[in-house]
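J.: Please see the structure below; I have some questions.
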Amino acid sequence: MFPGIDGFEWTPGHLIFLGIFYTVVAVVFLTLALAAVRAWRSYRANRAEAIRWQADFHDLPARDRACRHALTGEMRERVCELGFDCRRCETHARLLEERPPAQAPAADTEAGGVRLPLDRLYHRGHTWVRPEKDGTVTVGLDELASRLMGTPDRVRLPKAGRRISVNGTGWRMWKHGSDVRVLSPVDGEVAATGGPEAGWYLKVKPAEGRLDARHLLRPDEAAPWMRRELERVQWTLGHSLADGGVMVQNLSEAVPAEAWDAVCAGVFLQV
Amino acid sequence: MTMDTKRKRPARYGMVIDVDRCTGCGACMIACAVENNVPPAQPEATDRTGITWVRVYQIHNGASFPENRTAFVPVMCQQCGHQTPCVSVCPQQAVDVDRETGIVGQMPQRCLGCRYCMAACPYHARYFNWWDPVWPKGMERTLNPAVAPRMRGVVEKCNFCQGRLHAARERAAAAGRAEPKPGEYVPACVEACPTAAITFGDLADENSAAAEQARGGNTFRLLQKLGTEPKVYYRSSRPWVHQVAQQDFGRRKKEEIRG
Amino acid sequence: MDRALISRGVRRCSPRQFLLWLVPWAALAAFGAYSAGLCLVRGLNQTNMDNRFAFGLWIFLDLTVIALGAGAFFTGFLLYILKRHELKAVINSAVVIGFVCYSGAVVVLMVDVGQPLRAWFTFWHPNVHSMLTEVTFCITCYLTVLAIEYLPILLKNRKIRQVPSFLVFEFELHKVMYVLAGVGTFLSFFHQGSLGGLYGVLRGRPFAFREGFAIWPSTFFLFILSAAAAGPAFILLTTWLVSKISRKRLVKLEVMAELGRISGVLLIVYVLAKAVDTLVWINETAPATGFAAHQFYAWRPFGTWILFAEIVVFGLAPALVLLDEKKRQRTGWLVGAAVLVCSGIGLNRFVLTIQTLALPTLPFDAFLSYTPSWQEVGTFLAVIAYGVLVYSLSFRYLPLFPQERELAEVPRVSGD
């Protein structure tokens with residue numbers, strides 16, 4: 001390089017300048033390489049789904065990340081930091097200990113015209129989980145989500161035997177040109193698939209043989225949450241969903257085309 | 001350079017230009033262009049885009065007839081000897097000061113054409129090749145084989161006819177001498193001047209005619225206060241020439257620039 | 001297809017409308033590319049620069065856009081190093097602006113030099129004493145850093161991030177971003193300064209020459225300060241402009257006010273430093289080189305008004321506005337002050353590049369004027385058009401403003 005050039009001499013100036021310059025170049029490329037290596041490792045370790053949710057959750061507006069205990073009024077203005085994974089949340093565990101859940105309501109509840117059957121648990125991504133007698137769980141879209149999607153234009157369900165994880169991709173749907181990645185409410189292995197006509201989408205063998213439901217909303221908790229969800233849709237739309245007090249049956253037709261993508265994004269927590 | 005031709009003491013080549021002798025004929029400019037293979041100017045070229053390593057400026061004493069007087073000041077690279085403005089700015093060491101001769105050299109083959117040196121030069125003695133050099137058919141046979149023509153997009157300037165220095169050194173070496181004798185190395189402009197207005201020589205050699213003249217009275221250097229220690233001296237016995245050439249700042253009136 | 005590329009939760013105009021917006025800019029860019037092509041193919045004789053006016057419009061453009069692009073490094077510095085999290089709202093936009101400004105400047109520099117293919121010579125036999133070497137090294141490095149910083153924003157595109165490997169890479173890249181922000185800050189400090197030093201070291205140009213500290217003339221430090229002040233102001237201005245053109249709320253007013261405050265604080269420091277520097281220059285530096293400072297302003301139209309405009313109208317005035325907390329709550333004041341700050345930076349760079357070359361140094365020499373040729377203007381316009389195109393595409397398809405989605409949802413009383 002420099003030596004060999006006619007008249008070249010190393011001076012302190014050269015050493016300082018070139019030393020700094022090549023250190024900077026090395027730092028830049030080592031950083032890039034570090035990111036690439038880490039990415040490759042994460043990818044190989046199948047962490048892509050978890051990372052996707054972590055990144056998506058981080059990018060959601062703060063008011064879409066409200067803690068379930070803030071929605072029920074147990075706490076004030078709390079924003080979730082753990083990606084709605086209450087299984088890892090100490091506050092959730094503590095609250096559960098202090099105030100064990102009240103007796104389940106006697107009959108199915110409803111919120112703003114959305115029915116919330118008692119026999120199931122709800123996930124923040126608008127799916128429900130119903131434990132079955134055979135030890136599997138059934139997963140389906142809740143009423144708000146199914147009214148929104150109506151009959152999807154296309155559904156892509158995972159094959160039986162595929163492992164799914166909480167907040168990873170459960171299945172994908174398309175409607176009016178928008179795609180929706182429905183968040184899986186449970187960890188487990190897909191046992192069977194249904195579809196919009198069946199009223200359910202997946203039957204899942206829960207991981208470790210039993211359903212860990214700490215991150216799922218109980219029906220009594222689901223009602224204030226659902227009221228908040230309806231409010232969020234209305235914010236996105238800029239107008240009320242209620243038509244004479246009864247929510248529009250077929251939301252997919254009622255939502256204006258230009259707001260469709262934003263409404264889907266809001267309801268299914270998509271980024 | 002081999003050992004036996006190595007100088008014992010570095011030279012400081014410079015010149016003294018006698019403004020009183022200069023008639024403004026421009027022979028130096030022609031001789032310079034011929035010697036250094038400066039191509040004929042493009043038809044679109046102006047006095048600001050043409051290449052003239054040496055340029056003769058006309059100055060006036062500002063008085064009206066019959067007191068009006070005119071003088072001519074040839075300006076070429078002043079070969080600054082201290083904090084040479086163009087050397088430190090060049091990003092790729094295409095400009096250097098030869099320690100053996102004090103001549104500020106330009107390496108067109110290494111020049112990027114950023115023109116930072118041109119902005120740095122207070123004497124406007126640097127020229128850019130705005131066009132590809134073109135010689136009319138037949139004229140290429142007049143090219144000086146000792147000097148490489150420059151390409152488009154690089155900067156060039158006066159280097160006291162470095163080609164002549166090399167030739168003189170070769171002759172001296174062939175004669176078994178370490179360095180050329182005074183008078184054996186003379187730039188083309190010095191040679192061409194019909195009134196012998198330019199005295200060229202080694203300023204470090206106290207006995208040279210140039211050093212003697214530079215030491216003598218009536219000399220000045222351009223923009224001396226910048227502290228760049230130019231090696232081109234000007235000489236005049238007329239006070240108004242000193243006054244105009246050393247005035248602190250340019251005059252408002254647009255001066256005629258010849259060349 | 002187009003819709004599947006637009007971030008979720010935000011609305012964009014129809015593809016047709018977007019295309020209509022792009023067409024004139026693309027035409028301008030094409031015209032500019034032709035102009036630049038002429039300069040590359042036929043040589044710099046296509047410009048109106050000459051041996052006396054060796055730099056022209058392009059150097060002015062380079063210095064100005066790089067100063068305006070300083071928002072990228074300074075916002076990154078404040079966000080990742082000083083942890084001013086509210087600036088997350090504009091960091092992506094700032095990175096795109098920085099990338100556009102720097103890449104545009106580098107392209108113009110390549111056209112501006114006589115032998116672009118020899119650009120690598122600077123890396124091969126660098127003259128470490130030249131400010132231009134420092135500029136060349138830092139700008140190439142920093143452009144690389146900016147490209148790497150732009151990458152995760154690109155990978156955040158709705159369609160691209162569906163590819164798991166891209167998604168994971170983006171995530172990991174984002175985690176090390178503070179390292180790049182740090183490196184970017186270091187590089188930016190140096191080359192913003194070196195751009196100032198470029199003229200400050202010119203001993204042969206008493207108008208620009210300044211004494212300084214160690215190897216750096218005072219303009220080195222003034223340029224760092226002024227660029228750091230102008231960067232946030234330019235981000236404020238562009239955010240407001242994009243918001244107006246797209247008719248969307250993009251960031252909360254408090255973010256705009258914070259940008260204004262940062263700009264104001266730095267600007268007042270700059271104005272004071274500049275005033276001190278000017279006084280030292282008038283009383284010490286210029287006389288020492290044999291020139292009285294008032295002589296520099298004896299040439300029309302470059303009178304002393306330029307000094308007044310630079311320091312008071314475009315310096316002190318916007319600084320006082322931006323330091324006033326009440327005025328900062330008004331978009332009109334904020335944007336007005338930002339316009340002044342950005343114009344002031346332009347004027348400062350203009351004075352240093354163009355006025356320096358126009359003033360004669362030889363006592364028997366004349367004041368020079370220069371008008372850029374259409375090829376120069378075309379290339380200049382191409383950089384602007386290129387910037388608008390890249391920014392428009394980025395704005396449409398990439399999540400530049402994280403708060404936009406939230407701000408688009410206006411809570412209203414139900415039933416209205």
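How things are named: the first chain in the structure tokens is A, the next is B, and so on; residues count from 1 in each chain; ligands count from 1 in the order shown.
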Which parts of segment 24-164 of chain A does DSSP call helix (DSSP H, G or I) when run on the backbone here, written out as a PyMOL selection string?
T.: chain A and resi 24-44+48-59+62-65+68-71+86-88+90-98+143-149
J.: Take the residues that were just selected and, keeping C-alpha atoms, output them as a PDB file, in the first residue's frame.
T.:
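Written file, result_31.pdb:
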```
ATOM      1  CA  VAL A  24     -13.880   2.987  12.347  1.00  0.00           C
ATOM      2  CA  VAL A  25     -14.109   0.797   9.260  1.00  0.00           C
ATOM      3  CA  ALA A  26     -13.435  -2.283  11.387  1.00  0.00           C
ATOM      4  CA  VAL A  27     -16.076  -1.304  13.957  1.00  0.00           C
ATOM      5  CA  VAL A  28     -18.679  -0.698  11.256  1.00  0.00           C
ATOM      6  CA  PHE A  29     -18.111  -4.007   9.523  1.00  0.00           C
ATOM      7  CA  LEU A  30     -17.734  -6.014  12.737  1.00  0.00           C
ATOM      8  CA  THR A  31     -21.046  -4.596  13.920  1.00  0.00           C
ATOM      9  CA  LEU A  32     -22.679  -5.538  10.654  1.00  0.00           C
ATOM     10  CA  ALA A  33     -21.136  -9.011  10.837  1.00  0.00           C
ATOM     11  CA  LEU A  34     -22.255  -9.400  14.451  1.00  0.00           C
ATOM     12  CA  ALA A  35     -25.837  -8.566  13.496  1.00  0.00           C
ATOM     13  CA  ALA A  36     -25.652 -11.004  10.589  1.00  0.00           C
ATOM     14  CA  VAL A  37     -24.289 -13.831  12.740  1.00  0.00           C
ATOM     15  CA  ARG A  38     -26.856 -13.270  15.449  1.00  0.00           C
ATOM     16  CA  ALA A  39     -29.611 -13.133  12.865  1.00  0.00           C
ATOM     17  CA  TRP A  40     -28.423 -16.374  11.335  1.00  0.00           C
ATOM     18  CA  ARG A  41     -28.382 -18.065  14.743  1.00  0.00           C
ATOM     19  CA  SER A  42     -31.842 -16.812  15.638  1.00  0.00           C
ATOM     20  CA  TYR A  43     -33.120 -17.941  12.298  1.00  0.00           C
ATOM     21  CA  ARG A  44     -31.635 -21.392  12.713  1.00  0.00           C
ATOM     22  CA  ALA A  48     -38.295 -15.855  13.807  1.00  0.00           C
ATOM     23  CA  GLU A  49     -41.917 -16.092  14.998  1.00  0.00           C
ATOM     24  CA  ALA A  50     -41.084 -14.952  18.507  1.00  0.00           C
ATOM     25  CA  ILE A  51     -38.986 -12.117  17.144  1.00  0.00           C
ATOM     26  CA  ARG A  52     -41.742 -11.078  14.801  1.00  0.00           C
ATOM     27  CA  TRP A  53     -44.180 -10.705  17.672  1.00  0.00           C
ATOM     28  CA  GLN A  54     -41.611  -8.939  19.818  1.00  0.00           C
ATOM     29  CA  ALA A  55     -40.933  -6.448  17.035  1.00  0.00           C
ATOM     30  CA  ASP A  56     -44.588  -6.032  16.125  1.00  0.00           C
ATOM     31  CA  PHE A  57     -45.640  -5.556  19.715  1.00  0.00           C
ATOM     32  CA  HIS A  58     -42.951  -2.952  20.182  1.00  0.00           C
ATOM     33  CA  ASP A  59     -44.265  -1.021  17.181  1.00  0.00           C
ATOM     34  CA  ALA A  62     -49.187   2.427  23.286  1.00  0.00           C
ATOM     35  CA  ARG A  63     -52.937   2.350  23.682  1.00  0.00           C
ATOM     36  CA  ASP A  64     -53.129  -0.975  21.826  1.00  0.00           C
ATOM     37  CA  ARG A  65     -50.808  -2.424  24.446  1.00  0.00           C
ATOM     38  CA  ARG A  68     -55.538  -6.543  30.948  1.00  0.00           C
ATOM     39  CA  HIS A  69     -55.630  -5.353  34.526  1.00  0.00           C
ATOM     40  CA  ALA A  70     -55.904  -1.775  33.354  1.00  0.00           C
ATOM     41  CA  LEU A  71     -58.843  -2.757  31.139  1.00  0.00           C
ATOM     42  CA  CYS A  86     -48.927 -12.916  31.251  1.00  0.00           C
ATOM     43  CA  ARG A  87     -47.183 -16.226  31.941  1.00  0.00           C
ATOM     44  CA  ARG A  88     -43.986 -14.259  32.375  1.00  0.00           C
ATOM     45  CA  GLU A  90     -44.929 -11.025  37.980  1.00  0.00           C
ATOM     46  CA  THR A  91     -47.592  -8.376  38.411  1.00  0.00           C
ATOM     47  CA  HIS A  92     -50.170 -10.687  36.912  1.00  0.00           C
ATOM     48  CA  ALA A  93     -49.161 -13.533  39.234  1.00  0.00           C
ATOM     49  CA  ARG A  94     -49.278 -11.237  42.238  1.00  0.00           C
ATOM     50  CA  LEU A  95     -52.693  -9.834  41.359  1.00  0.00           C
ATOM     51  CA  LEU A  96     -54.030 -13.334  40.771  1.00  0.00           C
ATOM     52  CA  GLU A  97     -52.855 -14.314  44.237  1.00  0.00           C
ATOM     53  CA  GLU A  98     -54.260 -11.235  45.911  1.00  0.00           C
ATOM     54  CA  GLU A 143     -67.404 -12.822  17.288  1.00  0.00           C
ATOM     55  CA  LEU A 144     -65.921  -9.423  16.537  1.00  0.00           C
ATOM     56  CA  ALA A 145     -63.224 -10.984  14.371  1.00  0.00           C
ATOM     57  CA  SER A 146     -65.591 -13.292  12.535  1.00  0.00           C
ATOM     58  CA  ARG A 147     -68.045 -10.486  11.873  1.00  0.00           C
ATOM     59  CA  LEU A 148     -65.158  -8.431  10.575  1.00  0.00           C
ATOM     60  CA  MET A 149     -63.780 -11.120   8.317  1.00  0.00           C
TER      61      MET A 149
END
```
J.: As an MDAnalysis selection string, could you give me every residue of chain C near chain B (at most 6 Å apart, counting only C-alpha atoms)?
T.: chainID C and resid 44:45 50:51 113:115 118 122 125:127 129:130 132:133 202 204 289:291 361 363:366
J.: Print the selection's residues with N, CA, C and O atoms to a file, as an mmCIF file, in the first residue's frame.
T.:
```cif
data_model
loop_
_atom_site.group_PDB
_atom_site.id
_atom_site.type_symbol
_atom_site.label_atom_id
_atom_site.label_comp_id
_atom_site.auth_asym_id
_atom_site.auth_seq_id
_atom_site.Cartn_x
_atom_site.Cartn_y
_atom_site.Cartn_z
ATOM 1 N N LEU C 44 -15.771 19.098 -17.855
ATOM 2 C CA LEU C 44 -16.305 20.189 -17.045
ATOM 3 C C LEU C 44 -16.387 21.499 -17.817
ATOM 4 O O LEU C 44 -16.787 22.522 -17.265
ATOM 5 N N ASN C 45 -16.001 21.483 -19.094
ATOM 6 C CA ASN C 45 -16.210 22.689 -19.899
ATOM 7 C C ASN C 45 -17.702 22.967 -20.068
ATOM 8 O O ASN C 45 -18.088 24.041 -20.499
ATOM 9 N N ASP C 50 -14.417 28.198 -13.913
ATOM 10 C CA ASP C 50 -13.204 28.461 -14.669
ATOM 11 C C ASP C 50 -12.013 28.432 -13.726
ATOM 12 O O ASP C 50 -12.164 28.111 -12.544
ATOM 13 N N ASN C 51 -10.858 28.784 -14.247
ATOM 14 C CA ASN C 51 -9.647 28.687 -13.431
ATOM 15 C C ASN C 51 -9.684 29.598 -12.220
ATOM 16 O O ASN C 51 -9.013 29.345 -11.224
ATOM 17 N N VAL C 113 -15.500 16.534 -9.774
ATOM 18 C CA VAL C 113 -14.055 16.375 -9.948
ATOM 19 C C VAL C 113 -13.746 16.051 -11.408
ATOM 20 O O VAL C 113 -14.581 15.496 -12.114
ATOM 21 N N GLY C 114 -12.563 16.427 -11.826
ATOM 22 C CA GLY C 114 -12.207 16.268 -13.233
ATOM 23 C C GLY C 114 -12.010 14.815 -13.634
ATOM 24 O O GLY C 114 -12.270 14.435 -14.767
ATOM 25 N N GLN C 115 -11.524 14.005 -12.703
ATOM 26 C CA GLN C 115 -11.230 12.609 -13.007
ATOM 27 C C GLN C 115 -11.898 11.709 -11.968
ATOM 28 O O GLN C 115 -11.226 11.184 -11.068
ATOM 29 N N ARG C 118 -10.492 8.473 -10.582
ATOM 30 C CA ARG C 118 -9.314 8.477 -9.726
ATOM 31 C C ARG C 118 -9.666 8.748 -8.268
ATOM 32 O O ARG C 118 -8.783 9.015 -7.460
ATOM 33 N N THR C 122 -7.269 8.888 -3.359
ATOM 34 C CA THR C 122 -7.208 9.499 -2.028
ATOM 35 C C THR C 122 -7.001 8.442 -0.946
ATOM 36 O O THR C 122 -6.387 8.695 0.078
ATOM 37 N N HIS C 125 -2.968 7.054 -1.725
ATOM 38 C CA HIS C 125 -1.902 7.908 -1.188
ATOM 39 C C HIS C 125 -2.490 9.148 -0.562
ATOM 40 O O HIS C 125 -2.433 10.242 -1.115
ATOM 41 N N PRO C 126 -3.085 8.969 0.613
ATOM 42 C CA PRO C 126 -3.742 10.106 1.252
ATOM 43 C C PRO C 126 -2.745 11.122 1.786
ATOM 44 O O PRO C 126 -1.693 10.760 2.304
ATOM 45 N N ASN C 127 -3.097 12.372 1.614
ATOM 46 C CA ASN C 127 -2.342 13.434 2.256
ATOM 47 C C ASN C 127 -3.072 13.740 3.555
ATOM 48 O O ASN C 127 -4.119 14.374 3.553
ATOM 49 N N HIS C 129 -2.693 15.697 5.774
ATOM 50 C CA HIS C 129 -2.773 17.079 6.226
ATOM 51 C C HIS C 129 -3.898 17.843 5.542
ATOM 52 O O HIS C 129 -4.173 18.975 5.881
ATOM 53 N N SER C 130 -4.515 17.211 4.549
ATOM 54 C CA SER C 130 -5.547 17.916 3.799
ATOM 55 C C SER C 130 -6.917 17.708 4.431
ATOM 56 O O SER C 130 -7.292 16.599 4.780
ATOM 57 N N LEU C 132 -9.548 17.936 2.837
ATOM 58 C CA LEU C 132 -10.354 17.202 1.868
ATOM 59 C C LEU C 132 -10.180 15.695 2.053
ATOM 60 O O LEU C 132 -11.098 14.918 1.793
ATOM 61 N N THR C 133 -9.001 15.279 2.504
ATOM 62 C CA THR C 133 -8.792 13.860 2.782
ATOM 63 C C THR C 133 -9.703 13.430 3.924
ATOM 64 O O THR C 133 -10.369 12.396 3.846
ATOM 65 N N LEU C 202 -7.440 27.945 4.197
ATOM 66 C CA LEU C 202 -6.888 28.549 2.988
ATOM 67 C C LEU C 202 -6.149 29.851 3.309
ATOM 68 O O LEU C 202 -6.719 30.931 3.306
ATOM 69 N N GLY C 204 -4.187 31.373 1.580
ATOM 70 C CA GLY C 204 -4.149 32.257 0.419
ATOM 71 C C GLY C 204 -5.462 32.981 0.174
ATOM 72 O O GLY C 204 -5.581 33.748 -0.775
ATOM 73 N N THR C 289 -2.908 39.209 7.664
ATOM 74 C CA THR C 289 -2.592 38.767 6.316
ATOM 75 C C THR C 289 -2.517 39.948 5.354
ATOM 76 O O THR C 289 -2.404 39.764 4.143
ATOM 77 N N GLY C 290 -2.616 41.159 5.888
ATOM 78 C CA GLY C 290 -2.469 42.329 5.033
ATOM 79 C C GLY C 290 -3.781 42.823 4.452
ATOM 80 O O GLY C 290 -3.787 43.578 3.489
ATOM 81 N N PHE C 291 -4.887 42.409 5.013
ATOM 82 C CA PHE C 291 -6.186 42.844 4.498
ATOM 83 C C PHE C 291 -7.002 43.442 5.631
ATOM 84 O O PHE C 291 -6.998 42.925 6.740
ATOM 85 N N THR C 361 -7.537 38.473 -4.717
ATOM 86 C CA THR C 361 -6.454 38.512 -3.740
ATOM 87 C C THR C 361 -5.307 39.370 -4.259
ATOM 88 O O THR C 361 -4.753 40.180 -3.518
ATOM 89 N N PRO C 363 -3.468 42.391 -5.813
ATOM 90 C CA PRO C 363 -3.892 43.793 -5.741
ATOM 91 C C PRO C 363 -4.364 44.356 -7.076
ATOM 92 O O PRO C 363 -5.187 45.260 -7.108
ATOM 93 N N PHE C 364 -3.839 43.826 -8.162
ATOM 94 C CA PHE C 364 -4.244 44.385 -9.466
ATOM 95 C C PHE C 364 -5.271 43.491 -10.145
ATOM 96 O O PHE C 364 -5.444 43.501 -11.342
ATOM 97 N N ASP C 365 -5.951 42.680 -9.338
ATOM 98 C CA ASP C 365 -6.916 41.758 -9.903
ATOM 99 C C ASP C 365 -8.328 42.296 -9.687
ATOM 100 O O ASP C 365 -8.539 43.203 -8.888
ATOM 101 N N ALA C 366 -9.288 41.714 -10.397
ATOM 102 C CA ALA C 366 -10.657 42.227 -10.351
ATOM 103 C C ALA C 366 -11.556 41.304 -9.546
ATOM 104 O O ALA C 366 -11.247 40.139 -9.338
#
```
J.: Could you please write out, as an MDAnalysis selection string, every residue of segment 124-321 of chain C that DSSP assigns to strand (DSSP E)?
T.: chainID C and resid 212:213 216:217
J.: When you look at segment 123-133 of chain A with a cut-off of 9 Å (counting only C-alpha atoms), what residues show up, excluding the ones that are within fewer than 6 positions of it in the same chain? I need them as a VMD selection string.
T.: chain A and resid 84 139 to 145 167 182 to 186 211 215 to 217 222 225 267 to 269
J.: Find the nearest atom pair between each residue of chain A and chain C for residues within 6 Å, count only C-alpha atoms, give distances in Å to one decimal, sort rows by chain and ascending number, and present the table as CSV.
T.:
```
residue,atom,partner,partner_atom,distance
A:Ala35,CA,C:Leu173,CA,5.1
A:Ala39,CA,C:Phe169,CA,4.8
A:Ala48,CA,C:Pro164,CA,5.8
A:Pro61,CA,C:Glu406,CA,5.6
A:Trp235,CA,C:Pro411,CA,4.8
A:Thr236,CA,C:Glu409,CA,4.6
A:Ser240,CA,C:Ser414,CA,5.0
A:Ala262,CA,C:Gly9,CA,3.8
A:Ala265,CA,C:Gly9,CA,5.8
A:Val271,CA,C:Arg8,CA,5.6
```
J.: Give me the residues within 9 Å of Val201 of chain C as a list in words, counting only C-alpha atoms and dropping any in the same chain fewer than 2 places off.
T.: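 Once the adjacent positions are removed, what remains is Pro85, Val89 and Ala120 of chain B; Met131, Gly196, Gly197, Leu198, Tyr199, Arg203, Gly204, Arg205, Ala208, Phe209, Arg210, Glu211, Ile215, Trp216, Pro217 and Thr219 of chain C.
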J.: Please list as a ChimeraX atom specification every residue within 9 Å of Arg115 of chain A, counting only C-alpha atoms and excluding residues in the same chain fewer than 2 positions away.
T.: /A:108-113,117,142-144,223
J.: Go ahead and dump the residues you just picked, C-alpha atoms, as a compact mmCIF listing (two decimals), in the first residue's frame.
T.:
```txt
# COMPACT_ATOMS: atom_id res chain seq x y z
CA ASP A 108 -72.83 -15.97 28.62
CA THR A 109 -71.74 -12.38 28.80
CA GLU A 110 -71.76 -9.85 26.00
CA ALA A 111 -70.12 -6.54 25.34
CA GLY A 112 -71.42 -3.95 22.92
CA GLY A 113 -73.42 -6.60 21.11
CA PRO A 117 -69.60 -17.59 25.52
CA ASP A 142 -64.22 -14.49 18.37
CA GLU A 143 -67.40 -12.82 17.29
CA LEU A 144 -65.92 -9.42 16.54
CA ALA A 223 -66.14 -8.09 28.50
```
J.: I want to know what sits within 6 Å of Pro232 of chain C, based on only C-alpha atoms, with residues of the same chain fewer than 4 positions away left out; could you give that as a PyMOL selection string?
T.: chain C and resi 71+259+263
J.: Export, as a PDB file, in the first residue's frame, the selected residues with N, CA, C and O atoms.
T.:
```pdb
ATOM      1  N   GLY C  71     -29.036  16.281  10.488  1.00  0.00           N
ATOM      2  CA  GLY C  71     -30.091  15.834  11.395  1.00  0.00           C
ATOM      3  C   GLY C  71     -30.025  14.345  11.648  1.00  0.00           C
ATOM      4  O   GLY C  71     -30.377  13.870  12.725  1.00  0.00           O
ATOM      5  N   LEU C 259     -37.627  19.227  18.832  1.00  0.00           N
ATOM      6  CA  LEU C 259     -36.655  19.475  17.760  1.00  0.00           C
ATOM      7  C   LEU C 259     -36.304  20.954  17.704  1.00  0.00           C
ATOM      8  O   LEU C 259     -35.136  21.335  17.555  1.00  0.00           O
ATOM      9  N   SER C 263     -32.631  22.662  18.348  1.00  0.00           N
ATOM     10  CA  SER C 263     -32.064  23.553  17.341  1.00  0.00           C
ATOM     11  C   SER C 263     -31.778  24.925  17.931  1.00  0.00           C
ATOM     12  O   SER C 263     -30.717  25.515  17.699  1.00  0.00           O
TER      13      SER C 263
END
```
J.: Can you list, as a list in words, every protein, DNA or RNA residue that comes within 7 Å of segment 220-230 of chain C when you count only C-alpha atoms, leaving out same-chain residues fewer than 6 positions away?
T.: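 Using only C-alpha atoms, the neighbours found are Ala67, Leu68, Ala70, Gly71, Phe74, Phe189, Gln192, Gly193, Ser194, Gly196, Gly197, Ser263, Leu266, Leu267, Tyr270, Lys274, Val341, Cys342 and Ile345 of chain C.
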J.: Distance atom CA of Leu320 of chain C-atom CA of Phe308 of chain C, one decimal place?
T.: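 Atom CA of Phe308 of chain C lies 15.9 Å from atom CA of Leu320 of chain C.
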J.: Mind giving me the straight-line distance from atom CA of Pro230 of chain B to atom CA of Glu170 of chain B in Å, one decimal?
T.: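 According to the coordinates, atom CA of Pro230 of chain B and atom CA of Glu170 of chain B are separated by 27.6 Å.
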